>>> print(open('data.txt').read())   # compact mmCIF, C-alpha atoms
# COMPACT_ATOMS: atom_id res chain seq x y z
CA MET O 3 54.78 75.46 109.46
CA ILE O 4 55.07 78.57 111.62
CA TYR O 5 53.76 76.65 114.64
CA LEU O 6 56.36 73.95 114.08
CA LEU O 7 59.11 76.59 114.07
CA GLN O 8 57.68 78.15 117.23
CA ILE O 9 57.61 74.78 118.98
CA PHE O 10 61.18 74.09 117.89
CA ALA O 11 62.36 77.53 119.11
CA ILE O 12 60.65 77.05 122.47
CA ILE O 13 62.09 73.55 123.00
CA PHE O 14 65.53 74.86 122.02
CA SER O 15 65.27 77.82 124.43
CA LEU O 16 64.08 75.59 127.29
CA GLY O 17 66.98 73.24 126.57
CA MET O 18 69.44 76.13 126.74
CA ILE O 19 67.97 77.31 130.07
CA TYR O 20 68.38 73.75 131.34
CA PHE O 21 72.06 73.74 130.23
CA ALA O 22 72.63 77.09 131.98
CA LEU O 23 71.16 75.67 135.21
CA LEU O 24 73.18 72.48 134.83
CA HIS O 25 76.44 74.40 134.53
CA PHE O 26 75.39 76.59 137.46
CA ARG O 27 74.80 73.49 139.64
CA ARG O 28 78.26 72.21 138.69
CA GLY O 29 79.67 75.53 139.83
CA GLU O 30 81.02 76.33 136.37
CA ILE O 31 79.15 79.62 135.94
CA THR O 32 78.09 82.28 138.45
CA THR O 33 74.56 83.25 139.51
CA VAL O 34 74.75 86.42 137.41
CA GLU O 35 75.82 84.45 134.32
CA THR O 36 73.06 81.87 134.87
CA GLY O 37 70.49 84.66 135.33
CA SER O 38 71.70 86.43 132.18
CA TRP O 39 71.44 83.29 130.07
CA ALA O 40 68.03 82.44 131.51
CA LEU O 41 66.90 85.98 130.70
CA VAL O 42 68.18 85.80 127.10
CA TRP O 43 66.39 82.51 126.40
CA SER O 44 63.23 83.57 128.29
CA VAL O 45 63.03 86.73 126.16
CA LEU O 46 63.32 84.56 123.06
CA ILE O 47 60.42 82.39 124.30
CA ILE O 48 58.32 85.52 124.86
CA ILE O 49 59.16 86.79 121.36
CA VAL O 50 58.21 83.43 119.87
CA PHE O 51 54.89 83.40 121.77
CA PHE O 52 54.05 87.07 121.25
CA PRO O 53 55.87 88.32 118.13
CA ASP O 54 53.69 91.44 118.01
CA VAL O 55 55.32 92.70 121.20
CA VAL O 56 58.59 93.37 119.38
CA ARG O 57 57.19 93.95 115.90
CA THR O 58 56.52 97.61 116.75
CA PHE O 59 60.01 97.88 118.22
CA ALA O 60 61.50 96.39 115.03
CA ARG O 61 59.66 98.91 112.83
CA THR O 62 60.91 101.78 115.00
CA TYR O 63 64.47 100.78 114.09
CA LEU O 64 63.63 100.35 110.40
CA TYR O 65 63.60 96.55 110.43
CA THR O 66 60.74 95.62 108.15
CA ARG O 67 60.54 92.06 109.43
CA LEU O 68 60.86 90.76 112.97
CA PHE O 69 63.08 87.98 111.65
CA ASP O 70 65.64 90.55 110.41
CA LEU O 71 65.86 92.07 113.87
CA LEU O 72 66.40 88.65 115.42
CA VAL O 73 69.13 87.79 112.90
CA VAL O 74 70.98 91.07 113.53
CA GLY O 75 70.61 90.60 117.30
CA GLY O 76 71.83 86.99 117.01
CA ILE O 77 74.90 87.98 114.98
CA ALA O 78 75.75 90.72 117.49
CA LEU O 79 75.45 88.21 120.34
CA CYS O 80 77.64 85.69 118.47
CA VAL O 81 80.36 88.30 117.82
CA PHE O 82 80.31 89.28 121.48
CA MET O 83 80.54 85.64 122.63
CA VAL O 84 83.39 84.83 120.22
CA ALA O 85 85.35 87.90 121.34
CA ARG O 86 84.78 87.01 124.98
CA SER O 87 85.81 83.37 124.44
CA TYR O 88 88.94 84.50 122.60
CA LEU O 89 89.98 86.82 125.42
CA THR O 90 89.27 84.17 128.04
CA SER O 91 91.29 81.53 126.20
CA ARG O 92 94.20 83.97 125.75
CA ARG O 93 94.14 84.75 129.47
CA LEU O 94 94.06 81.05 130.38
CA GLU O 95 96.84 80.27 127.89
CA LYS O 96 99.02 82.94 129.47
CA LYS O 97 98.32 81.70 133.01
CA LEU O 98 99.01 78.09 132.00
CA GLU O 99 102.27 79.12 130.36
CA GLU O 100 103.40 81.01 133.46
CA PHE O 101 102.47 78.12 135.73
CA VAL O 102 104.16 75.41 133.65
CA ARG O 103 107.33 77.45 133.12
CA LYS O 104 107.57 78.38 136.79
CA GLU O 105 107.13 74.76 137.82
CA ALA O 106 109.82 73.58 135.37
CA LEU O 107 112.28 76.16 136.73
CA ASN O 108 111.43 75.35 140.37
CA ASN O 109 111.87 71.60 139.78
CA ALA O 110 115.21 72.16 138.07
CA ASN O 111 116.44 74.32 140.94
CA LYS O 112 115.22 71.83 143.59
CA LYS O 113 117.32 69.05 142.08
CA LYS O 114 120.51 71.01 142.75
CA MET W 12 123.93 72.79 127.96
CA VAL W 13 120.24 73.17 128.78
CA VAL W 14 117.56 70.92 127.28
CA VAL W 15 113.92 71.95 127.61
CA ASP W 16 111.43 69.13 127.14
CA ASP W 17 108.21 70.86 126.16
CA GLY W 18 105.75 68.22 127.31
CA SER W 19 106.95 65.55 124.89
CA LYS W 20 105.56 62.05 125.23
CA ASP W 21 108.75 60.25 124.20
CA ASN W 22 111.80 59.56 126.37
CA THR W 23 113.54 62.89 125.71
CA PHE W 24 113.58 63.87 129.37
CA ASP W 25 114.92 60.54 130.71
CA MET W 26 117.49 60.19 127.94
CA ALA W 27 118.77 63.77 128.24
CA LYS W 28 119.03 63.41 132.03
CA LYS W 29 121.55 60.60 131.62
CA ILE W 30 123.99 62.81 129.69
CA GLN W 31 126.62 64.38 131.91
CA GLY W 32 126.76 68.17 131.91
CA VAL W 33 123.26 68.54 130.53
CA GLU W 34 120.62 70.36 132.57
CA VAL W 35 117.14 69.13 131.70
CA LEU W 36 113.97 71.10 132.32
CA LYS W 37 110.53 69.69 131.72
CA HIS W 38 107.28 71.41 130.89
CA LYS W 39 104.54 69.08 132.11
CA VAL W 40 102.32 70.08 129.21
CA ASN W 41 103.22 71.23 125.71
CA ILE W 42 103.03 75.02 125.49
CA GLY W 43 105.15 75.83 122.49
CA LYS W 44 108.61 76.63 121.23
CA GLY W 45 108.60 80.26 122.39
CA ALA W 46 107.71 79.30 125.95
CA ALA W 47 110.35 76.53 126.00
CA MET W 48 113.01 78.98 124.76
CA LYS W 49 112.04 81.44 127.48
CA THR W 50 112.30 78.75 130.18
CA GLY W 51 115.72 77.71 128.89
CA CYS W 52 116.91 81.31 128.77
CA GLU W 53 115.75 82.13 132.28
CA TYR W 54 117.39 79.01 133.66
CA ALA W 55 120.70 79.65 131.87
CA PHE W 56 120.81 83.32 132.81
CA SER W 57 119.92 82.52 136.44
CA LYS W 58 122.98 80.24 136.50
CA GLY W 59 125.25 83.05 135.40
CA ALA W 60 125.29 82.65 131.60
CA LYS W 61 126.16 85.85 129.73
CA ALA W 62 124.64 84.66 126.46
CA VAL W 63 122.70 81.69 125.08
CA ILE W 64 122.71 79.86 121.77
CA PHE W 65 119.46 78.19 120.68
CA MET W 66 119.32 75.00 118.65
CA ASP W 67 116.22 73.16 117.47
CA SER W 68 115.73 69.68 118.88
CA ASP W 69 115.08 67.95 115.55
CA ALA W 70 118.85 67.69 114.98
CA GLN W 71 118.69 69.88 111.86
CA HIS W 72 121.47 72.12 113.18
CA SER W 73 125.11 71.18 113.21
CA PRO W 74 127.03 71.73 116.49
CA GLU W 75 130.04 72.62 114.31
CA ASP W 76 128.33 75.95 113.57
CA ILE W 77 128.25 76.97 117.24
CA ILE W 78 131.71 78.53 116.91
CA LYS W 79 130.31 81.01 114.36
CA PHE W 80 127.83 82.26 116.96
CA THR W 81 130.40 82.59 119.74
CA LYS W 82 132.68 84.53 117.40
CA ALA W 83 129.84 86.86 116.38
CA LEU W 84 128.95 87.44 120.06
CA ASP W 85 132.60 88.10 120.87
CA ASN W 86 132.60 90.72 118.11
CA GLY W 87 130.02 92.71 120.07
CA ASN W 88 126.81 91.50 118.44
CA GLN W 89 123.91 91.21 120.87
CA VAL W 90 121.73 89.04 118.67
CA VAL W 91 123.03 86.54 116.10
CA PHE W 92 120.70 84.94 113.56
CA GLY W 93 121.54 81.70 111.80
CA SER W 94 120.79 81.60 108.10
CA ARG W 95 120.15 78.40 106.19
CA ASN W 96 121.09 78.57 102.55
CA TYR W 97 119.00 77.03 99.77
CA SER W 98 122.04 75.02 98.69
CA TYR W 99 122.00 73.22 102.07
CA GLY W 100 118.81 71.43 101.08
CA THR W 101 116.07 73.71 102.38
CA PRO W 102 112.86 72.71 100.48
CA LEU W 103 112.07 75.23 97.70
CA VAL W 104 108.57 76.16 98.96
CA ARG W 105 109.91 76.76 102.44
CA PHE W 106 112.82 78.77 101.05
CA LEU W 107 110.57 81.01 98.91
CA GLY W 108 108.04 81.50 101.72
CA ASN W 109 110.85 82.46 104.05
CA LYS W 110 112.22 84.98 101.53
CA ALA W 111 108.80 86.57 101.03
CA ALA W 112 108.39 86.92 104.81
CA SER W 113 111.89 88.45 105.06
CA VAL W 114 111.01 91.09 102.47
CA LEU W 115 107.71 91.85 104.24
CA ILE W 116 109.47 92.30 107.60
CA SER W 117 112.09 94.45 105.91
CA LEU W 118 109.40 96.74 104.46
CA LEU W 119 107.45 96.98 107.71
CA TYR W 120 110.25 97.14 110.27
CA GLY W 121 113.41 98.05 108.40
CA ILE W 122 115.36 94.91 109.28
CA TYR W 123 116.31 92.29 106.71
CA ILE W 124 117.03 88.82 108.06
CA SER W 125 117.50 86.36 105.21
CA ASP W 126 116.23 83.33 107.16
CA LEU W 127 113.46 84.54 109.38
CA LEU W 128 112.45 81.15 110.76
CA CYS W 129 115.82 79.60 111.47
CA GLY W 130 115.86 78.44 115.08
CA PHE W 131 119.65 78.49 115.33
CA ARG W 132 120.37 81.87 116.91
CA ALA W 133 122.05 83.48 119.87
CA LEU W 134 121.51 86.43 122.16
CA THR W 135 123.11 88.08 125.16
CA LEU W 136 121.51 88.66 128.57
CA GLU W 137 121.12 92.38 127.83
CA ALA W 138 119.41 91.58 124.54
CA TYR W 139 117.09 89.08 126.25
CA LYS W 140 115.98 91.71 128.74
CA LYS W 141 115.11 94.04 125.87
CA ILE W 142 113.41 91.61 123.52
CA LYS W 143 111.84 89.10 125.91
CA TRP W 144 109.12 87.64 123.70
CA GLU W 145 105.47 86.95 124.38
CA SER W 146 104.76 84.40 121.64
CA PRO W 147 104.47 80.94 123.21
CA GLY W 148 104.65 79.16 119.84
CA TYR W 149 106.42 79.43 116.50
CA GLY W 150 105.77 83.19 116.37
CA VAL W 151 108.81 83.60 118.62
CA GLU W 152 111.32 83.76 115.78
CA THR W 153 109.53 86.59 113.99
CA GLU W 154 108.88 88.43 117.23
CA MET W 155 112.59 88.25 118.11
CA VAL W 156 113.52 89.79 114.75
CA ILE W 157 110.92 92.56 115.05
CA LYS W 158 111.90 93.39 118.63
CA THR W 159 115.59 93.36 117.69
CA ALA W 160 114.80 96.00 115.06
CA ASN W 161 112.66 98.05 117.43
CA SER W 162 115.27 97.92 120.22
CA GLY W 163 118.12 98.90 117.92
CA LEU W 164 120.26 95.96 119.09
CA LYS W 165 123.49 95.16 117.29
CA HIS W 166 122.88 92.05 115.26
CA CYS W 167 124.29 89.97 112.44
CA GLU W 168 123.67 86.78 110.48
CA VAL W 169 125.89 83.73 110.19
CA PRO W 170 125.47 80.97 107.60
CA VAL W 171 124.48 77.61 109.08
CA ALA W 172 123.98 74.16 107.69
CA ALA W 173 120.57 72.50 107.78
CA ILE W 174 120.27 68.74 108.00
CA TYR W 175 116.80 67.52 107.12
CA LEU W 176 116.47 64.05 108.59
CA ASP W 177 112.74 63.56 108.12
CA LYS W 178 109.92 64.91 106.00
CA VAL W 179 107.82 66.08 108.94
CA LYS W 180 108.88 69.52 110.08
CA GLY W 181 107.53 71.53 112.98
CA VAL W 182 106.02 74.51 111.15
CA THR W 183 102.76 73.77 109.33
CA ILE W 184 100.96 76.03 106.83
CA LEU W 185 98.59 77.06 109.63
CA ASP W 186 101.57 78.01 111.80
CA ALA W 187 102.99 80.03 108.92
CA LEU W 188 99.67 81.88 108.46
CA SER W 189 99.52 82.57 112.18
CA VAL W 190 103.07 83.96 112.07
CA LEU W 191 102.06 86.14 109.11
CA LEU W 192 99.18 87.60 111.12
CA ASP W 193 101.58 88.22 114.00
CA VAL W 194 103.84 90.23 111.69
CA PHE W 195 101.03 92.75 111.23
CA ARG W 196 99.90 92.48 114.86
CA TRP W 197 103.34 93.55 116.14
CA LYS W 198 103.16 96.62 113.92
CA PHE W 199 100.28 97.94 115.99
CA ARG W 200 101.65 96.90 119.38
CA LYS W 201 103.56 99.29 121.57
>>> encode(input="data.txt", output="structure tokens")
Amino acid sequence: MIYLLQIFAIIFSLGMIYFALLHFRRGEITTVETGSWALVWSVLIIIVFFPDVVRTFARTYLYTRLFDLLVVGGIALCVFMVARSYLTSRRLEKKLEEFVRKEALNNANKKK
Amino acid sequence: MVVVDDGSKDNTFDMAKKIQGVEVLKHKVNIGKGAAMKTGCEYAFSKGAKAVIFMDSDAQHSPEDIIKFTKALDNGNQVVFGSRNYSYGTPLVRFLGNKAASVLISLLYGIYISDLLCGFRALTLEAYKKIKWESPGYGVETEMVIKTANSGLKHCEVPVAAIYLDKVKGVTILDALSVLLDVFRWKFRK
């Protein structure tokens, strides 16, 4: 069972690295962003292969199980990503509003 | 008269353009009521208007009430809020929700406006400069009330009729919840 989960986690991580590279090739994310994502998923692969590497680290911070540490880390990452997405969408919304309003006013003035 | 077509997919723009004396502005994509009101205001004020009167485009407001707003502005009010009465046919749930929001705003900001979400309202150029809103959507009405209170502008309410032609109205429950969150958000904004 544990091997099956490891295989699934590795395939998932490799898939996510592939998606990061794909978006990088399309010019949708920067080199730094691609590198960061590749690093995150590579670290996960290492943890899945060698759980003992971080088990000591987990105990140092009073996490009795490695899984608990991963869950807490995952939640923290999710919160960060949601906050970042929210701020980005707000910024885009504001820029779109300014652009559309400006264009409407310019078009109205041009007709005169 | 200025009509702002906020990215509608019907023939509003073409039909409004044919009417003499009507200036029509078009947002290429739908952004929201607040943004459309801001575009209309900026256009009107850039053409020399001293004040503007807003009316919703679903024909729920009667043009006969416009005189009440002009009179209130002439009396020195900088912001005039329309107020729909329950007897005019406002649905009960909407009426009660509106009242609860009015009480909440009154407690938080010290301004009581009996019909917080009525789109029929007026403001002067000076008032617009002071309360220029940020909300692109339906939050605009609440933001205007809160900023009117915070800016100490002279304001009043006038009773207006509401004509409900269809069952589908602009503000959904989700919009109302979002406006409710905004009420608290503005409390912590400088």
>>> interface_residues(input="data.txt", of="chain W", to="chain O", cutoff="6 Å", atoms="only C-alpha atoms", output="ChimeraX atom specification")
/W:36-38,50
>>> residues_around(input="data.txt", residues="stretch 30-40 of chain O", least_positions_apart="4", cutoff="9 Å", atoms="all atoms listed in the file", output="ChimeraX atom specification")
/O:15-16,18-20,22-26,44-45
>>> closest_residue(input="data.txt", among="O:Leu46, O:Leu41, O:Arg27, O:Cys80", to="O:Gln8", atoms="all atoms listed in the file")
O:Leu46
>>> closest_residue(input="data.txt", among="W:Ile64, W:Ala47, W:Leu103, W:Val91", to="W:Met12", atoms="only C-alpha atoms")
W:Ile64
>>> atom_distance(input="data.txt", atom1="atom CA of W:Glu154", atom2="atom CA of O:Val81")
28.5 Å
>>> residues_around(input="data.txt", residues="W:Val194", least_positions_apart="6", cutoff="12 Å", atoms="only C-alpha atoms", output="compact mmCIF listing (two decimals) with C-alpha atoms, in the coordinates of the input")
# COMPACT_ATOMS: atom_id res chain seq x y z
CA ALA W 112 108.39 86.92 104.81
CA SER W 113 111.89 88.45 105.06
CA VAL W 114 111.01 91.09 102.47
CA LEU W 115 107.71 91.85 104.24
CA ILE W 116 109.47 92.30 107.60
CA SER W 117 112.09 94.45 105.91
CA LEU W 118 109.40 96.74 104.46
CA LEU W 119 107.45 96.98 107.71
CA TYR W 120 110.25 97.14 110.27
CA LEU W 127 113.46 84.54 109.38
CA SER W 146 104.76 84.40 121.64
CA GLY W 150 105.77 83.19 116.37
CA VAL W 151 108.81 83.60 118.62
CA GLU W 152 111.32 83.76 115.78
CA THR W 153 109.53 86.59 113.99
CA GLU W 154 108.88 88.43 117.23
CA MET W 155 112.59 88.25 118.11
CA VAL W 156 113.52 89.79 114.75
CA ILE W 157 110.92 92.56 115.05
CA LYS W 158 111.90 93.39 118.63
CA ALA W 187 102.99 80.03 108.92
CA LEU W 188 99.67 81.88 108.46
CA ARG W 200 101.65 96.90 119.38
>>> build_atoms(input="data.txt", residues="stretch 14-49 of chain O", atoms="N, CA and C atoms", output="mmCIF file, in the frame of the given file")
data_model
loop_
_atom_site.group_PDB
_atom_site.id
_atom_site.type_symbol
_atom_site.label_atom_id
_atom_site.label_comp_id
_atom_site.auth_asym_id
_atom_site.auth_seq_id
_atom_site.Cartn_x
_atom_site.Cartn_y
_atom_site.Cartn_z
ATOM 1 N N PHE O 14 64.116 74.513 122.035
ATOM 2 C CA PHE O 14 65.530 74.860 122.020
ATOM 3 C C PHE O 14 65.865 75.819 123.174
ATOM 4 N N SER O 15 65.023 76.836 123.367
ATOM 5 C CA SER O 15 65.270 77.820 124.430
ATOM 6 C C SER O 15 65.198 77.168 125.805
ATOM 7 N N LEU O 16 64.208 76.284 125.996
ATOM 8 C CA LEU O 16 64.080 75.590 127.290
ATOM 9 C C LEU O 16 65.314 74.714 127.540
ATOM 10 N N GLY O 17 65.765 74.081 126.472
ATOM 11 C CA GLY O 17 66.980 73.240 126.570
ATOM 12 C C GLY O 17 68.177 74.068 126.991
ATOM 13 N N MET O 18 68.299 75.269 126.413
ATOM 14 C CA MET O 18 69.440 76.130 126.740
ATOM 15 C C MET O 18 69.346 76.637 128.178
ATOM 16 N N ILE O 19 68.134 76.901 128.657
ATOM 17 C CA ILE O 19 67.970 77.310 130.070
ATOM 18 C C ILE O 19 68.392 76.146 130.975
ATOM 19 N N TYR O 20 68.008 74.935 130.570
ATOM 20 C CA TYR O 20 68.380 73.750 131.340
ATOM 21 C C TYR O 20 69.914 73.615 131.406
ATOM 22 N N PHE O 21 70.586 73.836 130.257
ATOM 23 C CA PHE O 21 72.060 73.740 130.230
ATOM 24 C C PHE O 21 72.692 74.798 131.138
ATOM 25 N N ALA O 22 72.108 76.008 131.130
ATOM 26 C CA ALA O 22 72.630 77.090 131.980
ATOM 27 C C ALA O 22 72.528 76.677 133.454
ATOM 28 N N LEU O 23 71.361 76.108 133.818
ATOM 29 C CA LEU O 23 71.160 75.670 135.210
ATOM 30 C C LEU O 23 72.105 74.526 135.572
ATOM 31 N N LEU O 24 72.295 73.628 134.615
ATOM 32 C CA LEU O 24 73.180 72.480 134.830
ATOM 33 C C LEU O 24 74.618 72.938 135.130
ATOM 34 N N HIS O 25 75.083 73.879 134.325
ATOM 35 C CA HIS O 25 76.440 74.400 134.530
ATOM 36 C C HIS O 25 76.536 75.195 135.835
ATOM 37 N N PHE O 26 75.419 75.847 136.190
ATOM 38 C CA PHE O 26 75.390 76.590 137.460
ATOM 39 C C PHE O 26 75.513 75.622 138.630
ATOM 40 N N ARG O 27 74.761 74.503 138.564
ATOM 41 C CA ARG O 27 74.800 73.490 139.640
ATOM 42 C C ARG O 27 76.199 72.887 139.781
ATOM 43 N N ARG O 28 76.882 72.754 138.662
ATOM 44 C CA ARG O 28 78.260 72.210 138.690
ATOM 45 C C ARG O 28 79.270 73.251 139.165
ATOM 46 N N GLY O 29 78.791 74.465 139.355
ATOM 47 C CA GLY O 29 79.670 75.530 139.830
ATOM 48 C C GLY O 29 80.564 76.092 138.734
ATOM 49 N N GLU O 30 80.177 75.868 137.472
ATOM 50 C CA GLU O 30 81.020 76.330 136.370
ATOM 51 C C GLU O 30 80.699 77.766 135.928
ATOM 52 N N ILE O 31 79.479 78.224 136.239
ATOM 53 C CA ILE O 31 79.150 79.620 135.940
ATOM 54 C C ILE O 31 78.503 80.262 137.173
ATOM 55 N N THR O 32 78.592 81.578 137.251
ATOM 56 C CA THR O 32 78.090 82.280 138.450
ATOM 57 C C THR O 32 76.579 82.483 138.356
ATOM 58 N N THR O 33 76.002 82.979 139.469
ATOM 59 C CA THR O 33 74.560 83.250 139.510
ATOM 60 C C THR O 33 74.184 84.301 138.462
ATOM 61 N N VAL O 34 75.037 85.331 138.366
ATOM 62 C CA VAL O 34 74.750 86.420 137.410
ATOM 63 C C VAL O 34 74.753 85.875 135.973
ATOM 64 N N GLU O 35 75.739 85.023 135.669
ATOM 65 C CA GLU O 35 75.820 84.450 134.320
ATOM 66 C C GLU O 35 74.596 83.574 134.034
ATOM 67 N N THR O 36 74.225 82.752 135.043
ATOM 68 C CA THR O 36 73.060 81.870 134.870
ATOM 69 C C THR O 36 71.804 82.710 134.632
ATOM 70 N N GLY O 37 71.642 83.765 135.459
ATOM 71 C CA GLY O 37 70.490 84.660 135.330
ATOM 72 C C GLY O 37 70.449 85.311 133.952
ATOM 73 N N SER O 38 71.640 85.750 133.481
ATOM 74 C CA SER O 38 71.700 86.430 132.180
ATOM 75 C C SER O 38 71.286 85.488 131.054
ATOM 76 N N TRP O 39 71.796 84.258 131.111
ATOM 77 C CA TRP O 39 71.440 83.290 130.070
ATOM 78 C C TRP O 39 69.953 82.942 130.128
ATOM 79 N N ALA O 40 69.455 82.767 131.356
ATOM 80 C CA ALA O 40 68.030 82.440 131.510
ATOM 81 C C ALA O 40 67.177 83.576 130.953
ATOM 82 N N LEU O 41 67.635 84.820 131.194
ATOM 83 C CA LEU O 41 66.900 85.980 130.700
ATOM 84 C C LEU O 41 66.886 86.016 129.169
ATOM 85 N N VAL O 42 68.074 85.782 128.569
ATOM 86 C CA VAL O 42 68.180 85.800 127.100
ATOM 87 C C VAL O 42 67.210 84.798 126.482
ATOM 88 N N TRP O 43 67.229 83.574 126.989
ATOM 89 C CA TRP O 43 66.390 82.510 126.400
ATOM 90 C C TRP O 43 64.919 82.710 126.739
ATOM 91 N N SER O 44 64.631 83.290 127.931
ATOM 92 C CA SER O 44 63.230 83.570 128.290
ATOM 93 C C SER O 44 62.658 84.639 127.368
ATOM 94 N N VAL O 45 63.480 85.661 127.067
ATOM 95 C CA VAL O 45 63.030 86.730 126.160
ATOM 96 C C VAL O 45 62.722 86.135 124.790
ATOM 97 N N LEU O 46 63.562 85.195 124.361
ATOM 98 C CA LEU O 46 63.320 84.560 123.060
ATOM 99 C C LEU O 46 61.979 83.802 123.078
ATOM 100 N N ILE O 47 61.693 83.132 124.199
ATOM 101 C CA ILE O 47 60.420 82.390 124.300
ATOM 102 C C ILE O 47 59.244 83.372 124.208
ATOM 103 N N ILE O 48 59.397 84.513 124.893
ATOM 104 C CA ILE O 48 58.320 85.520 124.860
ATOM 105 C C ILE O 48 58.114 86.039 123.434
ATOM 106 N N ILE O 49 59.240 86.295 122.748
ATOM 107 C CA ILE O 49 59.160 86.790 121.360
ATOM 108 C C ILE O 49 58.463 85.756 120.467
#
